[in-house]
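Each remark here refers to the structure printed beneath this line.
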Amino acid sequence: MDEIEFRRRVYANPQSPEQELLDAASDNPDYQKILDQAQELDTDVSNAVTAISVPADLQDKLLKIPASAGISGEELIQRESANSSYFHYYAAAATFLLAIGVTFSIVFNSGPSVQDIALGDNVLDHLYIDFEEINAFSRGEGNNFEIVNAANVSQILANAGTQFLSNDFMRSMPVRVAKPCEIIPAFQSAHLILQGSRGAVSVFVINNSPVSVEYRFRDDRFNGVVIPMGKGNMILVGEETENLDPYKDLFADNVEWVI
Amino acid sequence: MSDSPVIDGKNKQQRYESLVAALYQDVYRYAYWLCKSQALAEDLVQETFLRAWRSLDSLQNDKAAKARLFTIPRRENARLYERYRPELVDIEGQSIAASGENEPDFRMDRQLLHNAINRLDSDYREPLLLQVIGGFSGKEIAGILDLNNNTVMTRLFRARSKLKQEFGLDSDDIDE
């Protein structure tokens, strides 16, 4: 092993060098010096990087997240209202304002609700759980995944309460990965992955409350669309520049609920 | 971090508390290096753990949970702050924890190294931080950053080479 190669491998991971590198270092004082210097530097780097002080109250704040995330808006209003002697006046005023708000939103606002948007966020979160598979597709290795046979895809879909209208559809749209998933706890859903033009195209079907309106979402890497479909939702997600419209048309016309 | 912060069979609350105890400091430090602001880093960490709580049932083992907790702040930082970066107070020198090692000379060296890491291109800094703070392997870093393993190892080499050069010890460089 020449010195450049030795240095390259040691510097990539000085704290856990491979046995081959340790052997080379024990045979060559110059190599041993390189290894010692790299480990010394890495100890300094580690000390500098981890010397960032962490806010003293951060752990407490994080431990309170489950409690605050579990309290619904309605419960919060009830708790606060119960402490007020003017509860009835506030309630009447709130009802009036709520009526105006609802009317206004129906007339002027046809966008997705906060709950709708949360579904897109949950899907993006889920994609980063399946990151290794998604990344394999983006590297052009999607065809390394064997096409899932129709019976297996049908079983995954059936568990989520859906089915394809015809097997011909599956032949035109080979599914490379099919698995059950749980985007929202207690709602069984299906996750199918196909090879798109930019990487993976994920198709989720979930038997939860349909969103109020079809909407698109994106982050710095993915773009997606949530489509309300009768008894649930279908969600398509691809890489940022993937055109999802062809998939949307095909799947929306070929998936039906069976529950 | 403990070997198994996420243990099957424990209830969700216990799993979450184990995750927080094991990883919140590392996740905060990683977030801080991403956004270079204590306030933004704290926001990122809270958002990260809120999302982790919501999707905890999907995190089937400690490895997946840990990778997830380092993926979220990176993605959120890119989404929320990289396109709109408010004017930040320069906090270099204010963020290093006090310790018994804070003799003036020692602290100056650490501060110089801190600044040198800050000046690294993010392509080199991010894998270095994931390895040093998160203890991730090259393959795991490749998964988080969507790179192949060889690229990650080369960037780790180059990151340390650049730091070494800054401190006056030359090192051979290599192209990706």
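Chain lettering (A, B, ...) mirrors the order of the structure tokens, residue numbering begins at 1 for each chain separately, and ligand numbering begins at 1 in order of display.
Using only C-alpha atoms, the contacts of range 187-195 of chain A at a cut-off of 6 Å, with sequence neighbours closer than 5 positions omitted, comprise Gly142, Leu157, Ala160, Val175, Arg176, Val177, Ala178, Lys179, Pro180, Cys181, Glu182, Ala200, Val201, Ser202, Val203, Phe204, Val205 and Ile206 of chain A.
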field: Top pick for closest residue to chain B, considering A:Ile183, A:Leu119, A:Met1, A:Val225 and counting only C-alpha atoms
entry: A:Ile183
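Excluding range 117-134 of chain B itself and any same-chain residue fewer than 4 positions from it, the protein and nucleic acid residues within 6 Å of it, counting only C-alpha atoms, are Ser46 of chain A; Arg155, Leu156 and Ala159 of chain B.
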Could you save those same residues with C-alpha atoms as a compact mmCIF listing (two decimals), in the first residue's frame?
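Done, and the output landed in out.txt:
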# COMPACT_ATOMS: atom_id res chain seq x y z
CA SER A 46 -14.00 15.57 18.33
CA ARG B 155 -14.85 13.70 1.60
CA LEU B 156 -13.92 12.57 5.10
CA ALA B 159 -12.07 17.33 5.44
Find the residues of chain A in contact range of chain B, meaning any atom within 9 Å when counting only C-alpha atoms, and list them as an mmCIF file with C-alpha atoms, in the first residue's frame.
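Result file iface_27.cif:
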data_model
loop_
_atom_site.group_PDB
_atom_site.id
_atom_site.type_symbol
_atom_site.label_atom_id
_atom_site.label_comp_id
_atom_site.auth_asym_id
_atom_site.auth_seq_id
_atom_site.Cartn_x
_atom_site.Cartn_y
_atom_site.Cartn_z
ATOM 1 C CA ILE A 4 -1.176 8.231 -0.386
ATOM 2 C CA ARG A 7 -3.124 8.312 4.376
ATOM 3 C CA ARG A 8 -6.406 8.421 2.486
ATOM 4 C CA ARG A 9 -7.843 5.452 4.352
ATOM 5 C CA VAL A 10 -6.542 6.521 7.750
ATOM 6 C CA TYR A 11 -7.911 10.047 7.401
ATOM 7 C CA ALA A 12 -11.326 8.739 6.368
ATOM 8 C CA ASN A 13 -11.727 6.970 9.695
ATOM 9 C CA ALA A 38 -4.390 11.564 12.382
ATOM 10 C CA LEU A 41 -6.040 15.538 15.180
ATOM 11 C CA ASP A 42 -9.266 13.588 15.341
ATOM 12 C CA ASP A 44 -8.966 17.530 18.865
ATOM 13 C CA VAL A 45 -11.698 17.673 16.196
ATOM 14 C CA SER A 46 -13.999 15.575 18.334
ATOM 15 C CA ASN A 47 -13.359 17.788 21.352
ATOM 16 C CA ALA A 48 -14.026 20.946 19.333
ATOM 17 C CA VAL A 49 -17.173 19.605 17.703
ATOM 18 C CA THR A 50 -18.706 18.277 20.897
ATOM 19 C CA ALA A 51 -17.730 21.298 22.985
ATOM 20 C CA ILE A 52 -20.915 23.046 21.906
ATOM 21 C CA SER A 53 -22.860 23.756 25.073
ATOM 22 C CA VAL A 54 -26.383 22.364 25.102
ATOM 23 C CA PRO A 55 -29.157 24.504 26.652
ATOM 24 C CA LEU A 58 -33.635 21.508 26.387
ATOM 25 C CA GLN A 59 -34.135 17.961 27.645
ATOM 26 C CA LYS A 61 -38.657 20.815 26.791
ATOM 27 C CA LEU A 62 -38.256 17.724 24.638
ATOM 28 C CA LEU A 63 -39.748 15.467 27.294
ATOM 29 C CA ILE A 65 -43.482 17.215 23.625
ATOM 30 C CA PRO A 66 -45.661 14.063 23.918
ATOM 31 C CA ALA A 69 -48.698 17.033 21.121
ATOM 32 C CA ASN A 122 -46.165 12.523 7.690
ATOM 33 C CA ASP A 125 -41.242 11.727 7.269
ATOM 34 C CA HIS A 126 -42.010 8.175 6.235
ATOM 35 C CA TYR A 128 -36.877 9.317 5.074
ATOM 36 C CA ILE A 129 -37.443 6.083 6.998
ATOM 37 C CA PHE A 131 -34.347 6.248 2.685
ATOM 38 C CA GLU A 132 -32.009 3.454 1.627
ATOM 39 C CA ASN A 135 -31.740 6.434 -2.584
ATOM 40 C CA ALA A 136 -31.044 3.230 -4.510
ATOM 41 C CA SER A 138 -32.227 7.793 -7.312
ATOM 42 C CA ARG A 139 -28.836 6.228 -8.096
ATOM 43 C CA CYS A 181 -46.621 0.813 6.306
ATOM 44 C CA GLU A 182 -48.124 2.981 8.994
ATOM 45 C CA ILE A 183 -47.993 6.634 8.026
ATOM 46 C CA ILE A 184 -50.572 7.444 10.665
ATOM 47 C CA PRO A 185 -50.776 5.119 13.673
ATOM 48 C CA ASP A 219 -39.505 19.779 0.547
ATOM 49 C CA ASP A 220 -35.944 20.386 -0.590
ATOM 50 C CA ARG A 221 -35.807 16.974 -2.256
#
